[in-house]
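The next block is target16.pdb, given as PDB, N, CA and C atoms and all ligand atoms.
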```
ATOM      1  N   MET Y 176      21.200 -30.006   0.636  1.00  0.00           N
ATOM      2  CA  MET Y 176      20.303 -30.674  -0.305  1.00  0.00           C
ATOM      3  C   MET Y 176      19.632 -29.670  -1.236  1.00  0.00           C
ATOM      4  N   LYS Y 177      19.532 -30.041  -2.438  1.00  0.00           N
ATOM      5  CA  LYS Y 177      18.921 -29.145  -3.419  1.00  0.00           C
ATOM      6  C   LYS Y 177      17.402 -29.154  -3.264  1.00  0.00           C
ATOM      7  N   GLN Y 178      16.861 -27.975  -3.222  1.00  0.00           N
ATOM      8  CA  GLN Y 178      15.405 -27.903  -3.060  1.00  0.00           C
ATOM      9  C   GLN Y 178      14.706 -28.174  -4.383  1.00  0.00           C
ATOM     10  N   GLN Y 179      13.730 -29.030  -4.324  1.00  0.00           N
ATOM     11  CA  GLN Y 179      12.964 -29.360  -5.523  1.00  0.00           C
ATOM     12  C   GLN Y 179      12.142 -28.156  -5.968  1.00  0.00           C
ATOM     13  N   ASP Y 180      12.139 -27.929  -7.248  1.00  0.00           N
ATOM     14  CA  ASP Y 180      11.390 -26.807  -7.783  1.00  0.00           C
ATOM     15  C   ASP Y 180       9.896 -26.927  -7.479  1.00  0.00           C
ATOM     16  N   ASN Y 181       9.424 -28.156  -7.456  1.00  0.00           N
ATOM     17  CA  ASN Y 181       8.004 -28.373  -7.207  1.00  0.00           C
ATOM     18  C   ASN Y 181       7.589 -27.983  -5.797  1.00  0.00           C
ATOM     19  N   GLU Y 182       8.557 -27.907  -4.892  1.00  0.00           N
ATOM     20  CA  GLU Y 182       8.224 -27.588  -3.510  1.00  0.00           C
ATOM     21  C   GLU Y 182       8.282 -26.094  -3.230  1.00  0.00           C
ATOM     22  N   ARG Y 183       8.752 -25.346  -4.194  1.00  0.00           N
ATOM     23  CA  ARG Y 183       8.768 -23.891  -4.016  1.00  0.00           C
ATOM     24  C   ARG Y 183       7.346 -23.374  -3.918  1.00  0.00           C
ATOM     25  N   THR Y 184       7.161 -22.387  -3.075  1.00  0.00           N
ATOM     26  CA  THR Y 184       5.828 -21.817  -2.987  1.00  0.00           C
ATOM     27  C   THR Y 184       5.836 -20.400  -3.548  1.00  0.00           C
ATOM     28  N   PHE Y 185       4.728 -20.043  -4.082  1.00  0.00           N
ATOM     29  CA  PHE Y 185       4.532 -18.719  -4.650  1.00  0.00           C
ATOM     30  C   PHE Y 185       3.304 -18.121  -4.001  1.00  0.00           C
ATOM     31  N   LYS Y 186       3.302 -16.823  -3.914  1.00  0.00           N
ATOM     32  CA  LYS Y 186       2.133 -16.197  -3.330  1.00  0.00           C
ATOM     33  C   LYS Y 186       1.136 -15.832  -4.422  1.00  0.00           C
ATOM     34  N   ASP Y 187      -0.068 -16.282  -4.223  1.00  0.00           N
ATOM     35  CA  ASP Y 187      -1.171 -15.853  -5.072  1.00  0.00           C
ATOM     36  C   ASP Y 187      -1.433 -14.394  -4.706  1.00  0.00           C
ATOM     37  N   LEU Y 188      -1.062 -13.492  -5.607  1.00  0.00           N
ATOM     38  CA  LEU Y 188      -1.107 -12.066  -5.253  1.00  0.00           C
ATOM     39  C   LEU Y 188      -2.528 -11.543  -5.102  1.00  0.00           C
ATOM     40  N   VAL Y 189      -3.485 -12.271  -5.621  1.00  0.00           N
ATOM     41  CA  VAL Y 189      -4.865 -11.796  -5.546  1.00  0.00           C
ATOM     42  C   VAL Y 189      -5.473 -12.087  -4.175  1.00  0.00           C
ATOM     43  N   CYS Y 190      -5.375 -13.327  -3.704  1.00  0.00           N
ATOM     44  CA  CYS Y 190      -5.997 -13.678  -2.431  1.00  0.00           C
ATOM     45  C   CYS Y 190      -4.969 -13.878  -1.315  1.00  0.00           C
ATOM     46  N   GLY Y 191      -3.678 -13.924  -1.664  1.00  0.00           N
ATOM     47  CA  GLY Y 191      -2.647 -14.040  -0.643  1.00  0.00           C
ATOM     48  C   GLY Y 191      -2.322 -15.458  -0.231  1.00  0.00           C
ATOM     49  N   MET Y 192      -2.970 -16.418  -0.853  1.00  0.00           N
ATOM     50  CA  MET Y 192      -2.717 -17.817  -0.525  1.00  0.00           C
ATOM     51  C   MET Y 192      -1.371 -18.279  -1.065  1.00  0.00           C
ATOM     52  N   GLU Y 193      -0.727 -19.202  -0.350  1.00  0.00           N
ATOM     53  CA  GLU Y 193       0.520 -19.774  -0.840  1.00  0.00           C
ATOM     54  C   GLU Y 193       0.203 -20.958  -1.738  1.00  0.00           C
ATOM     55  N   VAL Y 194       0.762 -20.926  -2.930  1.00  0.00           N
ATOM     56  CA  VAL Y 194       0.558 -22.047  -3.843  1.00  0.00           C
ATOM     57  C   VAL Y 194       1.919 -22.515  -4.350  1.00  0.00           C
ATOM     58  N   SER Y 195       1.993 -23.759  -4.742  1.00  0.00           N
ATOM     59  CA  SER Y 195       3.203 -24.284  -5.355  1.00  0.00           C
ATOM     60  C   SER Y 195       2.844 -24.744  -6.757  1.00  0.00           C
ATOM     61  N   ARG Y 196       3.850 -25.156  -7.498  1.00  0.00           N
ATOM     62  CA  ARG Y 196       3.556 -25.651  -8.847  1.00  0.00           C
ATOM     63  C   ARG Y 196       2.629 -26.854  -8.794  1.00  0.00           C
ATOM     64  N   MET Y 197       2.690 -27.587  -7.693  1.00  0.00           N
ATOM     65  CA  MET Y 197       1.843 -28.769  -7.550  1.00  0.00           C
ATOM     66  C   MET Y 197       0.396 -28.376  -7.269  1.00  0.00           C
ATOM     67  N   THR Y 198       0.213 -27.334  -6.462  1.00  0.00           N
ATOM     68  CA  THR Y 198      -1.147 -27.010  -6.015  1.00  0.00           C
ATOM     69  C   THR Y 198      -1.789 -25.901  -6.835  1.00  0.00           C
ATOM     70  N   ALA Y 199      -0.995 -25.150  -7.577  1.00  0.00           N
ATOM     71  CA  ALA Y 199      -1.572 -24.051  -8.340  1.00  0.00           C
ATOM     72  C   ALA Y 199      -2.502 -24.578  -9.426  1.00  0.00           C
ATOM     73  N   VAL Y 200      -3.610 -23.914  -9.572  1.00  0.00           N
ATOM     74  CA  VAL Y 200      -4.586 -24.310 -10.584  1.00  0.00           C
ATOM     75  C   VAL Y 200      -4.304 -23.582 -11.898  1.00  0.00           C
ATOM     76  N   GLU Y 201      -3.864 -22.320 -11.746  1.00  0.00           N
ATOM     77  CA  GLU Y 201      -3.643 -21.497 -12.927  1.00  0.00           C
ATOM     78  C   GLU Y 201      -2.267 -20.849 -12.848  1.00  0.00           C
ATOM     79  N   GLU Y 202      -1.667 -20.617 -14.001  1.00  0.00           N
ATOM     80  CA  GLU Y 202      -0.447 -19.825 -14.029  1.00  0.00           C
ATOM     81  C   GLU Y 202      -0.570 -18.783 -15.130  1.00  0.00           C
ATOM     82  N   TYR Y 203       0.169 -17.696 -14.947  1.00  0.00           N
ATOM     83  CA  TYR Y 203       0.064 -16.595 -15.888  1.00  0.00           C
ATOM     84  C   TYR Y 203       1.436 -15.943 -16.038  1.00  0.00           C
ATOM     85  N   GLY Y 204       1.909 -15.879 -17.261  1.00  0.00           N
ATOM     86  CA  GLY Y 204       3.202 -15.255 -17.522  1.00  0.00           C
ATOM     87  C   GLY Y 204       3.025 -13.766 -17.762  1.00  0.00           C
ATOM     88  N   TYR Y 205       3.805 -12.974 -17.033  1.00  0.00           N
ATOM     89  CA  TYR Y 205       3.696 -11.527 -17.186  1.00  0.00           C
ATOM     90  C   TYR Y 205       5.069 -10.911 -17.013  1.00  0.00           C
ATOM     91  N   GLN Y 206       5.497 -10.143 -17.995  1.00  0.00           N
ATOM     92  CA  GLN Y 206       6.794  -9.459 -17.980  1.00  0.00           C
ATOM     93  C   GLN Y 206       7.934 -10.409 -17.613  1.00  0.00           C
ATOM     94  N   GLY Y 207       7.934 -11.574 -18.231  1.00  0.00           N
ATOM     95  CA  GLY Y 207       9.040 -12.507 -18.050  1.00  0.00           C
ATOM     96  C   GLY Y 207       8.983 -13.340 -16.791  1.00  0.00           C
ATOM     97  N   LYS Y 208       7.976 -13.108 -15.961  1.00  0.00           N
ATOM     98  CA  LYS Y 208       7.825 -13.907 -14.745  1.00  0.00           C
ATOM     99  C   LYS Y 208       6.549 -14.715 -14.815  1.00  0.00           C
ATOM    100  N   THR Y 209       6.542 -15.835 -14.129  1.00  0.00           N
ATOM    101  CA  THR Y 209       5.337 -16.651 -14.082  1.00  0.00           C
ATOM    102  C   THR Y 209       4.720 -16.550 -12.700  1.00  0.00           C
ATOM    103  N   TYR Y 210       3.453 -16.263 -12.668  1.00  0.00           N
ATOM    104  CA  TYR Y 210       2.721 -16.140 -11.412  1.00  0.00           C
ATOM    105  C   TYR Y 210       1.729 -17.289 -11.315  1.00  0.00           C
ATOM    106  N   TYR Y 211       1.553 -17.780 -10.096  1.00  0.00           N
ATOM    107  CA  TYR Y 211       0.694 -18.948  -9.875  1.00  0.00           C
ATOM    108  C   TYR Y 211      -0.505 -18.559  -9.040  1.00  0.00           C
ATOM    109  N   PHE Y 212      -1.619 -19.178  -9.342  1.00  0.00           N
ATOM    110  CA  PHE Y 212      -2.872 -18.815  -8.678  1.00  0.00           C
ATOM    111  C   PHE Y 212      -3.631 -20.056  -8.233  1.00  0.00           C
ATOM    112  N   CYS Y 213      -4.409 -19.872  -7.163  1.00  0.00           N
ATOM    113  CA  CYS Y 213      -5.139 -21.002  -6.576  1.00  0.00           C
ATOM    114  C   CYS Y 213      -6.373 -21.340  -7.384  1.00  0.00           C
ATOM    115  N   SER Y 214      -6.827 -20.393  -8.208  1.00  0.00           N
ATOM    116  CA  SER Y 214      -8.058 -20.643  -8.946  1.00  0.00           C
ATOM    117  C   SER Y 214      -8.067 -19.829 -10.236  1.00  0.00           C
ATOM    118  N   GLN Y 215      -8.937 -20.212 -11.113  1.00  0.00           N
ATOM    119  CA  GLN Y 215      -9.074 -19.486 -12.377  1.00  0.00           C
ATOM    120  C   GLN Y 215      -9.544 -18.060 -12.113  1.00  0.00           C
ATOM    121  N   ALA Y 216     -10.414 -17.907 -11.124  1.00  0.00           N
ATOM    122  CA  ALA Y 216     -10.939 -16.577 -10.804  1.00  0.00           C
ATOM    123  C   ALA Y 216      -9.813 -15.636 -10.385  1.00  0.00           C
ATOM    124  N   CYS Y 217      -8.873 -16.133  -9.575  1.00  0.00           N
ATOM    125  CA  CYS Y 217      -7.752 -15.300  -9.139  1.00  0.00           C
ATOM    126  C   CYS Y 217      -6.873 -14.923 -10.324  1.00  0.00           C
ATOM    127  N   ARG Y 218      -6.645 -15.858 -11.204  1.00  0.00           N
ATOM    128  CA  ARG Y 218      -5.806 -15.575 -12.374  1.00  0.00           C
ATOM    129  C   ARG Y 218      -6.460 -14.509 -13.250  1.00  0.00           C
ATOM    130  N   GLU Y 219      -7.758 -14.630 -13.440  1.00  0.00           N
ATOM    131  CA  GLU Y 219      -8.467 -13.659 -14.270  1.00  0.00           C
ATOM    132  C   GLU Y 219      -8.462 -12.279 -13.622  1.00  0.00           C
ATOM    133  N   THR Y 220      -8.571 -12.242 -12.312  1.00  0.00           N
ATOM    134  CA  THR Y 220      -8.533 -10.968 -11.602  1.00  0.00           C
ATOM    135  C   THR Y 220      -7.167 -10.310 -11.775  1.00  0.00           C
ATOM    136  N   PHE Y 221      -6.116 -11.115 -11.643  1.00  0.00           N
ATOM    137  CA  PHE Y 221      -4.762 -10.599 -11.822  1.00  0.00           C
ATOM    138  C   PHE Y 221      -4.550 -10.134 -13.262  1.00  0.00           C
ATOM    139  N   GLU Y 222      -5.005 -10.944 -14.188  1.00  0.00           N
ATOM    140  CA  GLU Y 222      -4.820 -10.658 -15.611  1.00  0.00           C
ATOM    141  C   GLU Y 222      -5.478  -9.326 -15.996  1.00  0.00           C
ATOM    142  N   ALA Y 223      -6.585  -9.012 -15.353  1.00  0.00           N
ATOM    143  CA  ALA Y 223      -7.310  -7.786 -15.676  1.00  0.00           C
ATOM    144  C   ALA Y 223      -6.531  -6.546 -15.233  1.00  0.00           C
ATOM    145  N   GLU Y 224      -5.875  -6.639 -14.079  1.00  0.00           N
ATOM    146  CA  GLU Y 224      -5.137  -5.486 -13.545  1.00  0.00           C
ATOM    147  C   GLU Y 224      -3.824  -5.918 -12.888  1.00  0.00           C
ATOM    148  N   PRO Y 225      -2.908  -6.477 -13.666  1.00  0.00           N
ATOM    149  CA  PRO Y 225      -1.664  -6.993 -13.059  1.00  0.00           C
ATOM    150  C   PRO Y 225      -0.878  -5.940 -12.289  1.00  0.00           C
ATOM    151  N   GLU Y 226      -0.827  -4.730 -12.817  1.00  0.00           N
ATOM    152  CA  GLU Y 226      -0.030  -3.685 -12.159  1.00  0.00           C
ATOM    153  C   GLU Y 226      -0.541  -3.370 -10.762  1.00  0.00           C
ATOM    154  N   LYS Y 227      -1.833  -3.438 -10.601  1.00  0.00           N
ATOM    155  CA  LYS Y 227      -2.429  -3.163  -9.297  1.00  0.00           C
ATOM    156  C   LYS Y 227      -1.877  -4.122  -8.240  1.00  0.00           C
ATOM    157  N   TYR Y 228      -1.809  -5.398  -8.593  1.00  0.00           N
ATOM    158  CA  TYR Y 228      -1.362  -6.395  -7.627  1.00  0.00           C
ATOM    159  C   TYR Y 228       0.152  -6.393  -7.479  1.00  0.00           C
ATOM    160  N   LEU Y 229       0.858  -6.124  -8.563  1.00  0.00           N
ATOM    161  CA  LEU Y 229       2.317  -6.087  -8.477  1.00  0.00           C
ATOM    162  C   LEU Y 229       2.764  -4.892  -7.659  1.00  0.00           C
ATOM    163  N   ARG Y 230       2.078  -3.791  -7.757  1.00  0.00           N
ATOM    164  CA  ARG Y 230       2.452  -2.601  -7.001  1.00  0.00           C
ATOM    165  C   ARG Y 230       2.267  -2.855  -5.503  1.00  0.00           C
ATOM    166  N   GLN Y 231       1.165  -3.490  -5.145  1.00  0.00           N
ATOM    167  CA  GLN Y 231       0.931  -3.818  -3.740  1.00  0.00           C
ATOM    168  C   GLN Y 231       2.047  -4.707  -3.205  1.00  0.00           C
ATOM    169  N   HIS Y 232       2.466  -5.649  -4.033  1.00  0.00           N
ATOM    170  CA  HIS Y 232       3.463  -6.626  -3.635  1.00  0.00           C
ATOM    171  C   HIS Y 232       4.820  -5.968  -3.395  1.00  0.00           C
ATOM    172  N   ARG Y 233       5.074  -4.849  -4.053  1.00  0.00           N
ATOM    173  CA  ARG Y 233       6.386  -4.208  -3.965  1.00  0.00           C
ATOM    174  C   ARG Y 233       6.495  -3.205  -2.824  1.00  0.00           C
ATOM    175  N   GLN Y 234       5.489  -3.111  -2.001  1.00  0.00           N
ATOM    176  CA  GLN Y 234       5.562  -2.154  -0.910  1.00  0.00           C
ATOM    177  C   GLN Y 234       6.446  -2.663   0.209  1.00  0.00           C
ATOM    178  N   HIS Y 235       7.751  -2.510   0.033  1.00  0.00           N
ATOM    179  CA  HIS Y 235       8.678  -2.944   1.068  1.00  0.00           C
ATOM    180  C   HIS Y 235       9.583  -1.772   1.424  1.00  0.00           C
ATOM    181  N   GLY Y 236       8.975  -0.713   1.860  1.00  0.00           N
ATOM    182  CA  GLY Y 236       9.741   0.446   2.295  1.00  0.00           C
ATOM    183  C   GLY Y 236      10.303   1.289   1.170  1.00  0.00           C
ATOM    184  N   LEU Y 237       9.876   1.000  -0.050  1.00  0.00           N
ATOM    185  CA  LEU Y 237      10.340   1.821  -1.157  1.00  0.00           C
ATOM    186  C   LEU Y 237       9.599   3.150  -1.141  1.00  0.00           C
ATOM    187  N   LYS Y 238      10.380   4.220  -1.176  1.00  0.00           N
ATOM    188  CA  LYS Y 238       9.741   5.517  -1.195  1.00  0.00           C
ATOM    189  C   LYS Y 238       9.702   6.058  -2.609  1.00  0.00           C
ATOM    190  N   GLN Y 239       8.515   6.282  -3.071  1.00  0.00           N
ATOM    191  CA  GLN Y 239       8.365   6.823  -4.421  1.00  0.00           C
ATOM    192  C   GLN Y 239       7.584   8.107  -4.356  1.00  0.00           C
ATOM    193  N   LYS Y 240       8.074   9.079  -5.129  1.00  0.00           N
ATOM    194  CA  LYS Y 240       7.373  10.353  -5.130  1.00  0.00           C
ATOM    195  C   LYS Y 240       6.762  10.611  -6.497  1.00  0.00           C
TER     196      LYS Y 240
HETATM  197 ZN    ZN V   1      -6.251 -17.183  -5.040  1.00  0.00          ZN
END
```
How does this structure look as C-alpha cells?
Ligand SMILES: [Zn+2]
Amino acid sequence: MKQQDNERTFKDLVCGMEVSRMTAVEEYGYQGKTYYFCSQACRETFEAEPEKYLRQHRQHGLKQK
C-alpha cells in the first residue's frame, strides 16, 4: 500500500518532536528541503541558526576533521 504523504512524520529539529504535515504548525524551506515545526517559536529558532540544527542532525558517525 502506498503511504500517504500526510502521514509522513518529520522531526522538529529544534525540540525533537515528531510532526507531520497535518500536525505541523510551521514550515520552513531551506536549501531545497522543507522542514516542519510544532510551533512558530521553533521555526523562528531554526530560521535564526539553521546550520546549527542541521549539523546536530547529521551526527551519524561521520568523521570530520
Ligand atoms: Zn518544536
Could you list, as a ChimeraX atom specification, all residues that come within 10 Å of ligand ZN 1 (chain V)? Count only C-alpha atoms and all ligand atoms. /Y:186-194,199-201,211-218,220-221
Same residues, N, CA and C atoms, output as a PDB file, in the frame of the given file:
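Produced file result-v3.pdb, reproduced below:
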```pdb
ATOM      1  N   LYS Y 186       3.302 -16.823  -3.914  1.00  0.00           N
ATOM      2  CA  LYS Y 186       2.133 -16.197  -3.330  1.00  0.00           C
ATOM      3  C   LYS Y 186       1.136 -15.832  -4.422  1.00  0.00           C
ATOM      4  N   ASP Y 187      -0.068 -16.282  -4.223  1.00  0.00           N
ATOM      5  CA  ASP Y 187      -1.171 -15.853  -5.072  1.00  0.00           C
ATOM      6  C   ASP Y 187      -1.433 -14.394  -4.706  1.00  0.00           C
ATOM      7  N   LEU Y 188      -1.062 -13.492  -5.607  1.00  0.00           N
ATOM      8  CA  LEU Y 188      -1.107 -12.066  -5.253  1.00  0.00           C
ATOM      9  C   LEU Y 188      -2.528 -11.543  -5.102  1.00  0.00           C
ATOM     10  N   VAL Y 189      -3.485 -12.271  -5.621  1.00  0.00           N
ATOM     11  CA  VAL Y 189      -4.865 -11.796  -5.546  1.00  0.00           C
ATOM     12  C   VAL Y 189      -5.473 -12.087  -4.175  1.00  0.00           C
ATOM     13  N   CYS Y 190      -5.375 -13.327  -3.704  1.00  0.00           N
ATOM     14  CA  CYS Y 190      -5.997 -13.678  -2.431  1.00  0.00           C
ATOM     15  C   CYS Y 190      -4.969 -13.878  -1.315  1.00  0.00           C
ATOM     16  N   GLY Y 191      -3.678 -13.924  -1.664  1.00  0.00           N
ATOM     17  CA  GLY Y 191      -2.647 -14.040  -0.643  1.00  0.00           C
ATOM     18  C   GLY Y 191      -2.322 -15.458  -0.231  1.00  0.00           C
ATOM     19  N   MET Y 192      -2.970 -16.418  -0.853  1.00  0.00           N
ATOM     20  CA  MET Y 192      -2.717 -17.817  -0.525  1.00  0.00           C
ATOM     21  C   MET Y 192      -1.371 -18.279  -1.065  1.00  0.00           C
ATOM     22  N   GLU Y 193      -0.727 -19.202  -0.350  1.00  0.00           N
ATOM     23  CA  GLU Y 193       0.520 -19.774  -0.840  1.00  0.00           C
ATOM     24  C   GLU Y 193       0.203 -20.958  -1.738  1.00  0.00           C
ATOM     25  N   VAL Y 194       0.762 -20.926  -2.930  1.00  0.00           N
ATOM     26  CA  VAL Y 194       0.558 -22.047  -3.843  1.00  0.00           C
ATOM     27  C   VAL Y 194       1.919 -22.515  -4.350  1.00  0.00           C
ATOM     28  N   ALA Y 199      -0.995 -25.150  -7.577  1.00  0.00           N
ATOM     29  CA  ALA Y 199      -1.572 -24.051  -8.340  1.00  0.00           C
ATOM     30  C   ALA Y 199      -2.502 -24.578  -9.426  1.00  0.00           C
ATOM     31  N   VAL Y 200      -3.610 -23.914  -9.572  1.00  0.00           N
ATOM     32  CA  VAL Y 200      -4.586 -24.310 -10.584  1.00  0.00           C
ATOM     33  C   VAL Y 200      -4.304 -23.582 -11.898  1.00  0.00           C
ATOM     34  N   GLU Y 201      -3.864 -22.320 -11.746  1.00  0.00           N
ATOM     35  CA  GLU Y 201      -3.643 -21.497 -12.927  1.00  0.00           C
ATOM     36  C   GLU Y 201      -2.267 -20.849 -12.848  1.00  0.00           C
ATOM     37  N   TYR Y 211       1.553 -17.780 -10.096  1.00  0.00           N
ATOM     38  CA  TYR Y 211       0.694 -18.948  -9.875  1.00  0.00           C
ATOM     39  C   TYR Y 211      -0.505 -18.559  -9.040  1.00  0.00           C
ATOM     40  N   PHE Y 212      -1.619 -19.178  -9.342  1.00  0.00           N
ATOM     41  CA  PHE Y 212      -2.872 -18.815  -8.678  1.00  0.00           C
ATOM     42  C   PHE Y 212      -3.631 -20.056  -8.233  1.00  0.00           C
ATOM     43  N   CYS Y 213      -4.409 -19.872  -7.163  1.00  0.00           N
ATOM     44  CA  CYS Y 213      -5.139 -21.002  -6.576  1.00  0.00           C
ATOM     45  C   CYS Y 213      -6.373 -21.340  -7.384  1.00  0.00           C
ATOM     46  N   SER Y 214      -6.827 -20.393  -8.208  1.00  0.00           N
ATOM     47  CA  SER Y 214      -8.058 -20.643  -8.946  1.00  0.00           C
ATOM     48  C   SER Y 214      -8.067 -19.829 -10.236  1.00  0.00           C
ATOM     49  N   GLN Y 215      -8.937 -20.212 -11.113  1.00  0.00           N
ATOM     50  CA  GLN Y 215      -9.074 -19.486 -12.377  1.00  0.00           C
ATOM     51  C   GLN Y 215      -9.544 -18.060 -12.113  1.00  0.00           C
ATOM     52  N   ALA Y 216     -10.414 -17.907 -11.124  1.00  0.00           N
ATOM     53  CA  ALA Y 216     -10.939 -16.577 -10.804  1.00  0.00           C
ATOM     54  C   ALA Y 216      -9.813 -15.636 -10.385  1.00  0.00           C
ATOM     55  N   CYS Y 217      -8.873 -16.133  -9.575  1.00  0.00           N
ATOM     56  CA  CYS Y 217      -7.752 -15.300  -9.139  1.00  0.00           C
ATOM     57  C   CYS Y 217      -6.873 -14.923 -10.324  1.00  0.00           C
ATOM     58  N   ARG Y 218      -6.645 -15.858 -11.204  1.00  0.00           N
ATOM     59  CA  ARG Y 218      -5.806 -15.575 -12.374  1.00  0.00           C
ATOM     60  C   ARG Y 218      -6.460 -14.509 -13.250  1.00  0.00           C
ATOM     61  N   THR Y 220      -8.571 -12.242 -12.312  1.00  0.00           N
ATOM     62  CA  THR Y 220      -8.533 -10.968 -11.602  1.00  0.00           C
ATOM     63  C   THR Y 220      -7.167 -10.310 -11.775  1.00  0.00           C
ATOM     64  N   PHE Y 221      -6.116 -11.115 -11.643  1.00  0.00           N
ATOM     65  CA  PHE Y 221      -4.762 -10.599 -11.822  1.00  0.00           C
ATOM     66  C   PHE Y 221      -4.550 -10.134 -13.262  1.00  0.00           C
TER      67      PHE Y 221
END
```
Find the residues near Ser195 (chain Y): any atom within 6.5 Å, counting all atoms listed in the file, skip ones fewer than 6 places away on the same chain, and give them as a list in words. Asn181, Glu182, Arg183, Thr184 and Phe185 of chain Y
Using 4 Å of padding on each side, determine the axis-aligned box around all atoms of region 223-232 of chain Y present in the file and give its centre and edge lengths in Å to one decimal, as lines of an AutoDock Vina configuration file.
```
center_x = -1.2
center_y = -5.8
center_z = -9.4
size_x = 20.1
size_y = 14.4
size_z = 20.5
```
Sel. of helix (DSSP H, G or I) residues, region 198-236 of chain Y, as a short mmCIF file (atom, residue, chain, number, x, y, z; two decimals) with N, CA and C atoms, in the coordinates of the input:
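Produced file selection_31.cif, reproduced below:
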```cif
data_model
loop_
_atom_site.label_atom_id
_atom_site.label_comp_id
_atom_site.auth_asym_id
_atom_site.auth_seq_id
_atom_site.Cartn_x
_atom_site.Cartn_y
_atom_site.Cartn_z
N GLN Y 215 -8.94 -20.21 -11.11
CA GLN Y 215 -9.07 -19.49 -12.38
C GLN Y 215 -9.54 -18.06 -12.11
N ALA Y 216 -10.41 -17.91 -11.12
CA ALA Y 216 -10.94 -16.58 -10.80
C ALA Y 216 -9.81 -15.64 -10.38
N CYS Y 217 -8.87 -16.13 -9.57
CA CYS Y 217 -7.75 -15.30 -9.14
C CYS Y 217 -6.87 -14.92 -10.32
N ARG Y 218 -6.64 -15.86 -11.20
CA ARG Y 218 -5.81 -15.58 -12.37
C ARG Y 218 -6.46 -14.51 -13.25
N GLU Y 219 -7.76 -14.63 -13.44
CA GLU Y 219 -8.47 -13.66 -14.27
C GLU Y 219 -8.46 -12.28 -13.62
N THR Y 220 -8.57 -12.24 -12.31
CA THR Y 220 -8.53 -10.97 -11.60
C THR Y 220 -7.17 -10.31 -11.78
N PHE Y 221 -6.12 -11.12 -11.64
CA PHE Y 221 -4.76 -10.60 -11.82
C PHE Y 221 -4.55 -10.13 -13.26
N GLU Y 222 -5.00 -10.94 -14.19
CA GLU Y 222 -4.82 -10.66 -15.61
C GLU Y 222 -5.48 -9.33 -16.00
N ALA Y 223 -6.58 -9.01 -15.35
CA ALA Y 223 -7.31 -7.79 -15.68
C ALA Y 223 -6.53 -6.55 -15.23
N PRO Y 225 -2.91 -6.48 -13.67
CA PRO Y 225 -1.66 -6.99 -13.06
C PRO Y 225 -0.88 -5.94 -12.29
N GLU Y 226 -0.83 -4.73 -12.82
CA GLU Y 226 -0.03 -3.68 -12.16
C GLU Y 226 -0.54 -3.37 -10.76
N LYS Y 227 -1.83 -3.44 -10.60
CA LYS Y 227 -2.43 -3.16 -9.30
C LYS Y 227 -1.88 -4.12 -8.24
N TYR Y 228 -1.81 -5.40 -8.59
CA TYR Y 228 -1.36 -6.40 -7.63
C TYR Y 228 0.15 -6.39 -7.48
N LEU Y 229 0.86 -6.12 -8.56
CA LEU Y 229 2.32 -6.09 -8.48
C LEU Y 229 2.76 -4.89 -7.66
N ARG Y 230 2.08 -3.79 -7.76
CA ARG Y 230 2.45 -2.60 -7.00
C ARG Y 230 2.27 -2.86 -5.50
N GLN Y 231 1.16 -3.49 -5.14
CA GLN Y 231 0.93 -3.82 -3.74
C GLN Y 231 2.05 -4.71 -3.20
N HIS Y 232 2.47 -5.65 -4.03
CA HIS Y 232 3.46 -6.63 -3.64
C HIS Y 232 4.82 -5.97 -3.40
#
```
Using Å and a single decimal, report how far atom N of Glu202 (chain Y) sits from atom C of Lys227 (chain Y).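 Computing it gives 17.5 Å between the two atoms.
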